[in-house]
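File shown: coords-v4.txt (compact mmCIF, C-alpha atoms).
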# COMPACT_ATOMS: atom_id res chain seq x y z
CA MET A 1 3.57 -36.25 -37.59
CA SER A 2 3.49 -37.03 -33.90
CA SER A 3 6.96 -38.54 -33.81
CA ARG A 4 9.29 -37.32 -31.09
CA GLU A 5 12.12 -36.70 -33.52
CA PRO A 6 12.85 -33.36 -35.17
CA HIS A 7 9.66 -32.29 -36.83
CA ALA A 8 11.08 -31.62 -40.22
CA ASP A 9 7.60 -31.47 -41.65
CA CYS A 10 6.96 -28.23 -39.80
CA PRO A 11 9.07 -25.26 -40.90
CA VAL A 12 8.83 -23.48 -37.55
CA SER A 13 9.59 -26.47 -35.33
CA VAL A 14 13.00 -24.87 -34.65
CA ASP A 15 11.22 -22.10 -32.73
CA ALA A 16 10.21 -24.39 -29.88
CA ALA A 17 13.55 -24.06 -28.07
CA PRO A 18 13.78 -20.24 -28.17
CA TYR A 19 10.09 -20.17 -27.22
CA VAL A 20 10.50 -22.13 -23.97
CA LEU A 21 13.61 -20.07 -23.12
CA GLY A 22 11.66 -16.83 -23.60
CA ALA A 23 13.95 -15.84 -26.46
CA LEU A 24 11.50 -15.13 -29.27
CA GLU A 25 11.00 -11.52 -30.32
CA ASP A 26 7.63 -10.06 -29.35
CA ALA A 27 6.27 -10.15 -32.89
CA GLU A 28 7.41 -13.74 -33.39
CA LEU A 29 5.87 -14.75 -30.10
CA GLN A 30 2.40 -13.77 -31.23
CA ARG A 31 2.71 -15.70 -34.46
CA TYR A 32 4.24 -18.70 -32.76
CA ARG A 33 1.44 -18.91 -30.21
CA GLU A 34 -1.09 -18.89 -33.00
CA HIS A 35 0.87 -21.59 -34.76
CA LEU A 36 0.96 -23.70 -31.60
CA SER A 37 -2.78 -23.71 -31.29
CA ALA A 38 -2.92 -25.31 -34.73
CA CYS A 39 0.14 -27.60 -34.79
CA THR A 40 0.14 -30.74 -32.65
CA SER A 41 3.73 -31.70 -33.43
CA CYS A 42 5.04 -28.32 -32.28
CA ARG A 43 2.90 -28.53 -29.16
CA ALA A 44 4.49 -31.88 -28.36
CA GLU A 45 7.95 -30.46 -28.97
CA VAL A 46 7.24 -27.48 -26.70
CA ALA A 47 5.88 -29.71 -23.94
CA GLU A 48 9.05 -31.79 -24.07
CA LEU A 49 11.45 -28.86 -23.98
CA GLN A 50 9.37 -26.92 -21.45
CA SER A 51 9.87 -29.66 -18.90
CA VAL A 52 13.62 -29.04 -19.19
CA ALA A 53 13.34 -25.25 -19.11
CA ASP A 54 11.27 -25.62 -15.91
CA GLU A 55 14.34 -27.11 -14.22
CA LEU A 56 16.66 -24.24 -15.12
CA PRO A 57 15.82 -22.08 -12.05
CA ALA A 58 17.49 -24.70 -9.86
CA SER A 59 20.75 -24.12 -11.74
CA ALA A 60 21.00 -20.60 -10.31
CA PRO A 61 23.57 -20.56 -7.50
CA PRO A 62 21.53 -20.87 -4.30
CA VAL A 63 21.22 -17.66 -2.31
CA LEU A 64 19.01 -17.22 0.75
CA ALA A 65 16.14 -14.77 0.62
CA SER A 66 16.54 -12.39 3.56
CA ALA A 67 14.20 -12.55 6.55
CA ALA A 68 13.38 -8.89 5.95
CA LEU A 69 12.21 -9.65 2.41
CA ARG A 70 9.97 -12.47 3.63
CA GLU A 71 8.53 -10.31 6.37
CA ARG A 72 7.92 -7.46 3.95
CA ILE A 73 5.93 -9.73 1.67
CA LEU A 74 4.01 -11.30 4.55
CA ALA A 75 3.21 -7.93 6.11
CA THR A 76 1.50 -6.81 2.93
CA VAL A 77 -0.29 -10.12 2.54
CA ARG A 78 -1.54 -10.11 6.14
CA ALA A 79 -2.75 -6.55 5.85
CA GLU A 80 -4.67 -7.35 2.68
CA ALA A 81 -6.11 -10.53 4.16
CA ALA A 82 -7.25 -8.58 7.22
CA LEU A 83 -8.80 -5.94 5.03
CA LEU A 84 -10.65 -8.52 2.99
CA SER A 85 -11.88 -10.47 5.99
CA ALA A 86 -12.93 -7.23 7.70
CA ALA A 87 -15.15 -6.54 4.73
CA GLY A 88 -16.75 -9.93 5.32
CA ASP A 89 -17.12 -9.43 9.08
CA GLU A 90 -18.80 -6.10 8.81
CA ALA A 91 -21.79 -7.49 7.05
CA ASP A 92 -21.57 -10.79 8.94
CA ARG A 93 -22.21 -12.49 5.65
CA PRO A 94 -18.72 -13.54 4.70
CA PRO A 95 -19.37 -15.63 1.59
CA ARG A 96 -21.20 -13.02 -0.44
CA GLN A 97 -19.00 -10.19 0.63
CA VAL A 98 -15.86 -12.11 -0.02
CA SER A 99 -16.87 -13.14 -3.48
CA ARG A 100 -17.71 -9.57 -4.38
CA TRP A 101 -14.35 -8.49 -3.08
CA ARG A 102 -12.51 -11.10 -4.97
CA THR A 103 -14.15 -10.21 -8.23
CA ARG A 104 -13.22 -6.65 -7.72
CA ARG A 105 -9.72 -7.55 -6.73
CA PHE A 106 -9.05 -9.77 -9.70
CA SER A 107 -10.56 -7.44 -12.21
CA LEU A 108 -7.91 -4.99 -11.14
CA LEU A 109 -5.03 -7.33 -11.70
CA GLY A 110 -2.83 -6.56 -14.56
CA ALA A 111 -3.67 -2.92 -14.08
CA GLY A 112 -0.03 -2.37 -13.42
CA ALA A 113 3.06 -4.30 -12.62
CA GLY A 114 5.35 -3.68 -9.72
CA LEU A 115 4.85 -1.76 -6.60
CA ALA A 116 2.95 1.00 -8.32
CA GLY A 117 0.51 -1.70 -9.30
CA ALA A 118 0.35 -3.06 -5.79
CA VAL A 119 -0.40 0.35 -4.38
CA ALA A 120 -2.94 1.04 -7.06
CA VAL A 121 -4.72 -2.21 -6.30
CA LEU A 122 -4.85 -1.45 -2.61
CA VAL A 123 -6.11 2.06 -3.15
CA ALA A 124 -8.64 0.79 -5.64
CA ILE A 125 -9.87 -1.79 -3.15
CA LEU A 126 -10.22 0.88 -0.52
CA ILE A 127 -12.09 3.19 -2.78
CA GLY A 128 -14.20 0.39 -4.11
CA VAL A 129 -15.64 -0.56 -0.72
CA GLY A 130 -18.69 1.62 -0.69
CA SER A 131 -19.11 1.58 -4.46
CA GLY A 132 -22.45 3.25 -5.23
CA THR A 133 -22.04 6.05 -2.71
CA SER A 134 -18.46 6.94 -3.42
CA GLU A 135 -17.31 9.77 -1.26
CA SER A 136 -14.17 11.58 -2.12
CA THR A 137 -10.87 10.44 -0.64
CA LYS A 138 -9.53 12.51 2.22
CA VAL A 139 -5.76 12.71 2.36
CA THR A 140 -3.97 13.76 5.55
CA ARG A 141 -0.28 14.49 5.40
CA GLY A 142 1.76 13.03 8.23
CA ILE A 143 4.95 14.11 9.95
CA VAL A 144 7.94 11.87 9.40
CA GLU A 145 10.23 11.90 12.41
CA ALA A 146 12.69 9.36 11.12
CA ASN A 147 15.99 10.82 10.04
CA ALA A 148 15.02 10.54 6.42
CA PRO A 149 15.35 13.53 4.12
CA GLY A 150 12.47 13.74 1.68
CA ALA A 151 10.44 11.00 3.35
CA ARG A 152 6.71 11.47 3.18
CA ALA A 153 3.70 9.82 4.69
CA SER A 154 0.03 10.38 4.14
CA LEU A 155 -3.17 8.78 5.28
CA ARG A 156 -5.89 8.29 2.71
CA GLN A 157 -9.40 7.87 4.03
CA SER A 158 -12.33 6.94 1.92
CA ASP A 159 -15.71 5.55 2.92
CA GLY A 160 -14.55 4.58 6.38
CA ARG A 161 -11.39 2.85 5.16
CA ALA A 162 -7.89 4.14 5.63
CA GLU A 163 -4.56 3.47 4.04
CA LEU A 164 -1.16 4.79 4.96
CA VAL A 165 1.11 5.51 2.03
CA VAL A 166 4.79 6.34 2.43
CA SER A 167 7.54 7.31 0.06
CA ARG A 168 11.28 7.70 0.38
CA MET A 169 11.21 6.06 3.78
CA PRO A 170 14.31 4.21 4.93
CA GLN A 171 13.87 0.46 5.17
CA PRO A 172 13.43 -0.81 8.73
CA ALA A 173 16.64 -2.03 10.34
CA LEU A 174 17.49 -5.71 9.99
CA GLY A 175 15.01 -7.78 12.00
CA LYS A 176 12.58 -4.87 12.28
CA ILE A 177 9.29 -4.00 10.65
CA TYR A 178 7.08 -0.91 10.73
CA GLU A 179 3.90 -1.22 12.77
CA VAL A 180 0.88 1.06 12.74
CA TRP A 181 -0.67 2.23 16.04
CA LEU A 182 -3.83 4.14 16.80
CA SER A 183 -3.86 6.71 19.57
CA ARG A 184 -7.10 8.01 21.06
CA GLY A 185 -5.40 10.61 23.22
CA LYS A 186 -5.69 8.77 26.51
CA GLY A 187 -4.35 5.36 27.50
CA ASP A 188 -1.92 3.26 25.53
CA ALA A 189 -1.77 3.35 21.79
CA GLN A 190 -3.72 0.50 20.24
CA PRO A 191 -1.61 -1.97 18.23
CA THR A 192 -2.84 -3.05 14.79
CA ASP A 193 -2.12 -5.94 12.47
CA ALA A 194 -0.83 -3.43 9.96
CA LEU A 195 2.84 -4.29 9.61
CA PHE A 196 4.74 -3.08 6.61
CA SER A 197 8.06 -2.40 5.07
CA VAL A 198 9.13 -0.44 2.03
CA THR A 199 10.86 -1.26 -1.22
CA SER A 200 14.48 -0.40 -1.80
CA GLY A 201 13.12 2.82 -3.32
CA GLY A 202 11.41 3.63 -0.02
CA SER A 203 7.79 3.30 -1.06
CA GLY A 204 5.18 1.27 0.69
CA SER A 205 1.56 1.24 1.72
CA VAL A 206 -0.56 -0.49 4.28
CA ALA A 207 -4.25 -0.68 5.00
CA VAL A 208 -5.20 0.45 8.50
CA PRO A 209 -7.50 -2.39 9.52
CA HIS A 210 -9.63 -0.60 12.12
CA SER A 211 -12.18 2.16 12.32
CA LEU A 212 -10.57 5.53 12.89
CA ARG A 213 -13.56 6.82 14.84
CA GLY A 214 -12.26 8.64 17.90
CA VAL A 215 -8.66 8.21 16.81
CA LYS A 216 -6.56 11.32 17.36
CA GLU A 217 -3.37 10.12 15.83
CA VAL A 218 -2.11 7.31 13.59
CA MET A 219 1.48 6.45 14.43
CA VAL A 220 4.18 4.18 13.08
CA THR A 221 7.02 2.68 15.06
CA SER A 222 9.79 0.30 14.17
CA GLU A 223 9.21 -3.06 15.91
CA PRO A 224 10.70 -6.54 15.93
CA LEU A 225 9.47 -8.75 13.06
CA GLY A 226 6.00 -9.99 13.84
CA GLY A 227 4.99 -6.77 15.57
CA SER A 228 4.56 -5.79 19.22
CA LEU A 229 1.62 -5.29 21.56
CA HIS A 230 3.24 -2.20 23.12
CA PRO A 231 5.47 0.21 21.25
CA THR A 232 9.15 -0.45 21.88
CA SER A 233 10.44 2.66 20.14
CA GLN A 234 9.54 6.26 19.43
CA PRO A 235 7.17 6.90 16.51
CA VAL A 236 8.81 7.49 13.14
CA ILE A 237 5.58 8.72 11.58
CA ARG A 238 2.70 10.64 13.13
CA VAL A 239 -0.49 11.57 11.35
CA ALA A 240 -2.74 13.84 13.41
CA LEU A 241 -6.42 13.51 12.59
CA SER A 242 -8.92 16.28 12.94
CA ALA A 243 -12.26 15.26 14.41
CA MET B 1 -14.77 -12.98 14.45
CA THR B 2 -11.42 -11.65 15.49
CA ARG B 3 -8.42 -12.68 13.54
CA LEU B 4 -5.65 -14.16 15.58
CA ARG B 5 -2.68 -11.94 15.69
CA ARG B 6 -0.34 -14.80 15.01
CA PRO B 7 -1.32 -18.30 14.00
CA SER B 8 -0.62 -20.98 16.56
CA ALA B 9 2.31 -23.29 15.98
CA ASP B 10 -0.25 -26.06 15.82
CA SER B 11 -2.17 -24.69 12.86
CA LYS B 12 1.11 -23.94 11.09
CA ASP B 13 2.14 -27.56 11.46
CA LYS B 14 -1.13 -28.69 9.95
CA LEU B 15 -0.62 -26.37 7.00
CA ARG B 16 2.93 -27.62 6.53
CA LYS B 17 1.57 -31.09 5.88
CA LEU B 18 -0.43 -29.88 2.89
CA ALA B 19 0.79 -30.04 -0.67
CA ASP B 20 1.38 -26.76 -2.50
CA GLU B 21 -1.69 -27.34 -4.62
CA GLU B 22 -3.88 -27.69 -1.52
CA LEU B 23 -2.33 -24.60 0.01
CA MET B 24 -3.15 -22.63 -3.13
CA GLN B 25 -6.83 -23.41 -2.67
CA LEU B 26 -6.61 -21.80 0.76
CA VAL B 27 -4.65 -18.88 -0.64
CA VAL B 28 -7.47 -18.23 -3.08
CA GLY B 29 -9.71 -17.97 0.01
CA ASN B 30 -7.43 -15.22 1.40
CA ASP B 31 -5.63 -17.46 3.87
CA ALA B 32 -2.45 -15.57 4.71
CA ASP B 33 -1.06 -18.45 6.79
CA ALA B 34 -1.31 -20.84 3.85
CA PHE B 35 0.46 -18.25 1.73
CA GLU B 36 3.19 -18.04 4.32
CA ILE B 37 3.96 -21.75 3.89
CA VAL B 38 4.10 -21.38 0.11
CA LEU B 39 6.48 -18.47 0.55
CA GLU B 40 8.55 -20.42 3.06
CA ARG B 41 8.98 -23.27 0.58
CA HIS B 42 9.89 -21.28 -2.50
CA ALA B 43 11.34 -17.95 -1.43
CA ASP B 44 14.96 -19.11 -1.57
CA VAL B 45 14.87 -20.65 -5.03
CA ALA B 46 12.85 -17.65 -6.25
CA PHE B 47 15.41 -15.25 -4.84
CA SER B 48 18.30 -17.29 -6.24
CA LEU B 49 16.72 -17.16 -9.69
CA ALA B 50 16.00 -13.43 -9.52
CA TYR B 51 19.49 -12.71 -8.23
CA ARG B 52 21.11 -14.81 -10.97
CA ILE B 53 19.18 -12.85 -13.58
CA CYS B 54 19.33 -9.34 -12.14
CA GLY B 55 22.73 -9.56 -10.47
CA ARG B 56 21.78 -7.08 -7.77
CA ARG B 57 20.32 -7.89 -4.43
CA ALA B 58 18.00 -4.88 -4.20
CA VAL B 59 16.56 -5.43 -7.68
CA ALA B 60 16.17 -9.16 -7.04
CA GLU B 61 14.35 -8.44 -3.77
CA ASP B 62 11.90 -6.14 -5.50
CA VAL B 63 11.31 -8.74 -8.21
CA VAL B 64 10.61 -11.48 -5.68
CA GLN B 65 8.34 -9.22 -3.66
CA GLU B 66 6.32 -8.26 -6.73
CA ALA B 67 6.14 -11.84 -7.91
CA PHE B 68 4.87 -13.28 -4.63
CA LEU B 69 2.36 -10.48 -4.17
CA ALA B 70 1.13 -11.22 -7.70
CA LEU B 71 0.87 -14.87 -6.71
CA TRP B 72 -1.13 -13.91 -3.62
CA ARG B 73 -3.45 -11.65 -5.54
CA SER B 74 -3.93 -13.86 -8.55
CA GLY B 75 -3.86 -17.29 -6.94
CA ALA B 76 -7.13 -18.05 -8.68
CA ARG B 77 -5.27 -18.16 -11.96
CA TYR B 78 -3.20 -21.09 -10.86
CA ASP B 79 -4.17 -24.17 -12.81
CA PRO B 80 -2.75 -27.44 -11.41
CA ARG B 81 -3.20 -29.12 -14.78
CA ARG B 82 -0.53 -26.88 -16.24
CA GLY B 83 2.21 -27.63 -13.73
CA SER B 84 3.31 -27.37 -10.14
CA VAL B 85 2.94 -24.31 -7.92
CA ARG B 86 6.71 -24.05 -7.86
CA THR B 87 6.97 -23.96 -11.65
CA TRP B 88 4.18 -21.41 -11.85
CA ALA B 89 5.74 -19.19 -9.18
CA LEU B 90 9.19 -19.39 -10.73
CA GLY B 91 7.69 -18.58 -14.12
CA ILE B 92 6.33 -15.34 -12.66
CA VAL B 93 9.70 -14.59 -11.05
CA HIS B 94 11.54 -15.29 -14.31
CA ASN B 95 9.29 -13.01 -16.35
CA ARG B 96 9.58 -10.15 -13.91
CA ALA B 97 13.30 -10.55 -13.45
CA VAL B 98 13.88 -10.51 -17.21
CA ASP B 99 11.66 -7.42 -17.50
CA ALA B 100 13.70 -5.70 -14.80
CA LEU B 101 16.92 -6.72 -16.52
CA ARG B 102 15.76 -5.51 -19.94
CA ARG B 103 14.85 -2.16 -18.43
CA SER B 104 18.36 -1.89 -17.03
CA GLY B 105 19.98 -1.85 -20.49
CA VAL B 106 22.11 -4.13 -22.57
CA HIS B 107 25.45 -3.44 -20.98
CA GLU B 108 24.32 -4.61 -17.60
CA ARG B 109 22.66 -7.67 -19.09
CA ARG B 110 25.78 -8.74 -20.83
CA ARG B 111 27.80 -8.37 -17.68
CA VAL B 112 25.41 -10.49 -15.66
CA SER B 113 24.94 -13.29 -18.14
CA ASP B 114 28.46 -13.50 -19.49
CA GLN B 115 30.24 -13.55 -16.25
CA GLY B 116 31.07 -16.78 -14.56
CA VAL B 117 28.36 -17.30 -12.04
CA GLU B 118 30.65 -17.59 -9.04
CA GLU B 119 32.42 -14.29 -9.65
CA SER B 120 29.15 -12.39 -9.69
CA LEU B 121 28.40 -13.41 -6.13
CA GLU B 122 29.95 -11.60 -3.24
CA ALA B 123 31.60 -13.58 -0.50
CA PRO B 124 28.93 -13.47 2.22
CA GLU B 125 26.30 -14.63 -0.18
CA ARG B 126 28.34 -17.61 -1.19
CA THR B 127 28.25 -18.73 2.41
CA ASP B 128 24.48 -18.53 2.29
CA ALA B 129 24.59 -20.46 -0.91
CA GLN B 130 26.26 -23.44 0.63
CA ALA B 131 23.61 -23.67 3.28
CA ILE B 132 20.83 -24.39 0.83
CA ASP B 133 22.68 -26.15 -1.91
CA ASN B 134 20.67 -29.23 -2.68
CA ALA B 135 20.45 -32.26 -4.88
CA ALA B 136 18.13 -30.77 -7.50
CA SER B 137 20.42 -27.82 -7.93
CA HIS B 138 23.44 -30.10 -8.27
CA GLU B 139 21.80 -32.22 -10.94
CA ILE B 140 20.84 -29.44 -13.26
CA ARG B 141 24.10 -27.59 -12.78
CA GLY B 142 26.01 -30.78 -13.39
CA ALA B 143 24.01 -31.41 -16.55
CA LEU B 144 24.58 -27.85 -17.78
CA GLY B 145 28.27 -28.23 -17.08
CA GLU B 146 28.47 -31.24 -19.34
CA LEU B 147 26.95 -29.45 -22.32
CA PRO B 148 29.24 -28.28 -25.08
CA GLN B 149 30.17 -24.70 -24.26
CA GLU B 150 28.35 -23.19 -27.27
CA GLN B 151 25.08 -24.89 -26.34
CA ARG B 152 25.28 -23.93 -22.71
CA ARG B 153 26.09 -20.36 -23.64
CA VAL B 154 23.02 -19.77 -25.84
CA ILE B 155 20.75 -21.32 -23.22
CA GLU B 156 22.16 -19.14 -20.46
CA LEU B 157 22.18 -15.97 -22.53
CA ALA B 158 18.51 -16.55 -23.34
CA TYR B 159 17.20 -17.78 -20.01
CA PHE B 160 19.32 -15.81 -17.54
CA GLY B 161 20.43 -12.96 -19.80
CA GLY B 162 17.00 -12.21 -21.24
CA PHE B 163 18.37 -11.91 -24.78
CA THR B 164 16.31 -12.90 -27.79
CA HIS B 165 17.72 -15.42 -30.25
CA ILE B 166 18.29 -12.59 -32.73
CA GLU B 167 20.30 -10.60 -30.20
CA ILE B 168 22.32 -13.69 -29.34
CA ALA B 169 22.99 -14.40 -33.01
CA SER B 170 24.39 -10.94 -33.58
CA MET B 171 26.30 -10.98 -30.30
CA LEU B 172 28.02 -14.24 -31.23
CA ASP B 173 28.18 -13.42 -34.93
CA THR B 174 26.41 -16.69 -35.69
CA PRO B 175 23.42 -17.37 -37.97
CA VAL B 176 20.02 -17.29 -36.27
CA GLY B 177 19.28 -20.86 -37.36
CA THR B 178 22.46 -22.08 -35.70
CA VAL B 179 21.56 -20.36 -32.45
CA LYS B 180 18.11 -21.95 -32.43
CA GLY B 181 19.63 -25.33 -33.25
CA ARG B 182 22.11 -25.08 -30.36
CA MET B 183 19.32 -24.17 -27.96
CA ARG B 184 17.35 -27.16 -29.06
CA LEU B 185 20.24 -29.59 -28.93
CA GLY B 186 21.30 -28.31 -25.54
CA LEU B 187 17.81 -28.63 -24.07
CA GLN B 188 17.43 -32.12 -25.45
CA LYS B 189 20.72 -33.21 -23.93
CA LEU B 190 19.70 -31.73 -20.60
CA ARG B 191 16.49 -33.66 -20.85
CA GLY B 192 18.43 -36.85 -21.41
CA HIS B 193 20.61 -36.17 -18.37
CA LEU B 194 17.69 -35.33 -16.11
CA GLU B 195 15.73 -38.37 -17.16
CA GLY B 196 18.78 -40.50 -16.49
CA TRP B 197 18.93 -39.09 -12.99
CA GLU B 198 15.27 -39.67 -12.44
CA ALA B 199 15.65 -43.26 -13.49
CA LEU B 200 18.56 -43.69 -11.10
CA SER B 201 16.79 -42.21 -8.11
CA ALA B 202 13.46 -43.89 -8.83
Represent the structure contained in this file as structure tokens.
Amino acid sequence: MSSREPHADCPVSVDAAPYVLGALEDAELQRYREHLSACTSCRAEVAELQSVADELPASAPPVLASAALRERILATVRAEAALLSAAGDEADRPPRQVSRWRTRRFSLLGAGAGLAGAVAVLVAILIGVGSGTSESTKVTRGIVEANAPGARASLRQSDGRAELVVSRMPQPALGKIYEVWLSRGKGDAQPTDALFSVTSGGSGSVAVPHSLRGVKEVMVTSEPLGGSLHPTSQPVIRVALSA
Amino acid sequence: MTRLRRPSADSKDKLRKLADEELMQLVVGNDADAFEIVLERHADVAFSLAYRICGRRAVAEDVVQEAFLALWRSGARYDPRRGSVRTWALGIVHNRAVDALRRSGVHERRRVSDQGVEESLEAPERTDAQAIDNAASHEIRGALGELPQEQRRVIELAYFGGFTHIEIASMLDTPVGTVKGRMRLGLQKLRGHLEGWEALSA
């Protein structure tokens, strides 16, 4: 029964190979998983073959992931980390706050795959902040100055949190990333940790990790990867805020 | 508590000394710097896998982006008892890449999986490829290359082409049982090869 040879005693032992390769039909997959929970010999067979299937990714011809891709991923991750730690700072009780955030965050997973999902999660986090006293979300349309037909930008504010959402934006040039700035009308624009890029379809979103109190305008410029402390180019997006 | 704009080189070096599994514990605590190291270690193999499956750079980039953001957001689901961080991450990439491929329609899938791998890569990318070619990649590719053609084909059509065994059977005009048998034989031979290599390098 627990031999390592073909498990002739089990009629579905032949499904182990297509299973680890992801080649079972959806309906079969369900049944096979149920079978696995009951059949030790098939579990052993799957474990054996899975260890081989796990090596297959390395057989893909090696291609480097672009720096822009890495920076795009990191920009989103940093913005979310800042947002989550800001939630902890505010109350000065990080542990409790963080755990509440995490629960909320994870309960939202699986809500959607892909970028739509990512945006939904971010928006949901933003809206979830004040829970009990949920105010409505205020959306301010921005002006896109980049040479990008059809590009749109809007700032969503809810319970003191803000998120910039863009669509049909061109991707930043190679080695560049979009950075969010806050302008209070006088003095230099304030840099933020909010760096972002967009997907090949031009959509993206970023949490604005500061209070917008007194802010007249939220701007976006294209900056070298890693961001700048002073803008090095003209704004590509401007969102004027009414007091 | 103000967050540093950029982590110091010093703290990065400390993180680099940690194993993936330790880094994941930090990632669960929202540590973006720890995540950066995980990304640094696995982004290339993840992108290579996604590109091999999807055959298009833009699609592969979106797949990798989605997959790593999922990893960041659901790090708590990682269970070290069920395998390495790398295997887990590549599993997410594989699933999403196959989903993207299936959405793109059968014609495209056939093109990507049937074609010789080298021809599907454009020249500049092949240059990249040489830069990160490594021993692990050589081993498994060498082992695949030694498989009988019909075994290698069903494995690649399934794993990189995203076809089910039933689709493969009808595509090759071969009984379903034969297709499953070839998959199994092929995987077992690969296992033999890889174990041989492990024994040699141990």
Report as a tab-separated table the residues of chain B within 7 Å of chain A, each with its shortest atom pair and distance in Å (one decimal), using all atoms listed in the file, ordered by chain and increasing residue number.
residue	atom	partner	partner_atom	distance
B:Met1	CA	A:Asp89	CA	6.9
B:Arg5	CA	A:Asp193	CA	6.8
B:Asn30	CA	A:Ala81	CA	5.6
B:Asp31	CA	A:Ala81	CA	7.0
B:Ala32	CA	A:Arg78	CA	5.7
B:Glu36	CA	A:Leu74	CA	6.8
B:Ala43	CA	A:Ala65	CA	6.1
B:Asp44	CA	A:Ala65	CA	5.0
B:Val45	CA	A:Pro62	CA	6.7
B:Phe47	CA	A:Ala65	CA	5.5
B:Ser48	CA	A:Val63	CA	4.9
B:Leu49	CA	A:Ala60	CA	5.5
B:Arg52	CA	A:Ala60	CA	5.8
B:Ala58	CA	A:Ser200	CA	6.2
B:Glu61	CA	A:Leu69	CA	6.7
B:Asp62	CA	A:Thr199	CA	6.6
B:Gln65	CA	A:Ile73	CA	5.9
B:Glu66	CA	A:Gly114	CA	5.6
B:Leu69	CA	A:Ile73	CA	6.9
B:Ser74	CA	A:Phe106	CA	6.7
B:Thr87	CA	A:Asp54	CA	6.3
B:Glu125	CA	A:Val63	CA	6.3
B:Asp128	CA	A:Val63	CA	5.7
B:Ala129	CA	A:Pro62	CA	4.6
B:Ile132	CA	A:Pro62	CA	6.3
B:Asp133	CA	A:Pro62	CA	5.9
B:Ala136	CA	A:Ala58	CA	6.5
B:Ser137	CA	A:Ala58	CA	4.7
B:Ile140	CA	A:Ser59	CA	5.5
B:Arg141	CA	A:Ser59	CA	4.9
B:Ala158	CA	A:Ala23	CA	5.6
B:Tyr159	CA	A:Leu21	CA	5.3
B:Phe163	CA	A:Ala23	CA	6.1
B:Thr164	CA	A:Ala23	CA	4.0
B:His165	CA	A:Ala23	CA	5.4
B:Lys180	CA	A:Val14	CA	6.3
B:Gly181	CA	A:Val14	CA	6.8
B:Met183	CA	A:Ala17	CA	5.8
B:Arg184	CA	A:Ala17	CA	5.0
B:Leu187	CA	A:Leu49	CA	6.4
B:Gln188	CA	A:Leu49	CA	7.0
B:Leu190	CA	A:Val52	CA	6.8
B:Arg191	CA	A:Val52	CA	5.7
Could you state the separation of CA of Ile166 (chain B) and CA of Leu29 (chain A) in Å, given to one decimal place? 12.9 Å
For Pro209 (chain A), please output as a compact mmCIF listing (two decimals) with C-alpha atoms, in the coordinates of the input all residues within 7 Å (counting only C-alpha atoms; exclusion window: fewer than 2 positions along the same chain).
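The file below, result10.txt, is the result:
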# COMPACT_ATOMS: atom_id res chain seq x y z
CA ALA A 82 -7.25 -8.58 7.22
CA LEU A 83 -8.80 -5.94 5.03
CA ALA A 194 -0.83 -3.43 9.96
CA ALA A 207 -4.25 -0.68 5.00
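Comparing the minimum interatomic distances between Ala89 (chain B) and each of B:Lys17, B:His42, B:Arg77, B:Arg57, counting all atoms listed in the file, we find that B:His42 sits nearest.
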For a cutoff of 10 Å around the file-coordinate point (2.1, -5.0, 24.6), which residues qualify once you count all atoms listed in the file? I'd like the result as a VMD selection string. chain A and resid 188 to 191 227 to 232
Rank A:Lys138, A:Arg31, A:Lys216, A:Arg43 by their smallest atom-to-atom distance to Gly187 (chain A), using all atoms listed in the file, and report the top residue only. A:Lys216
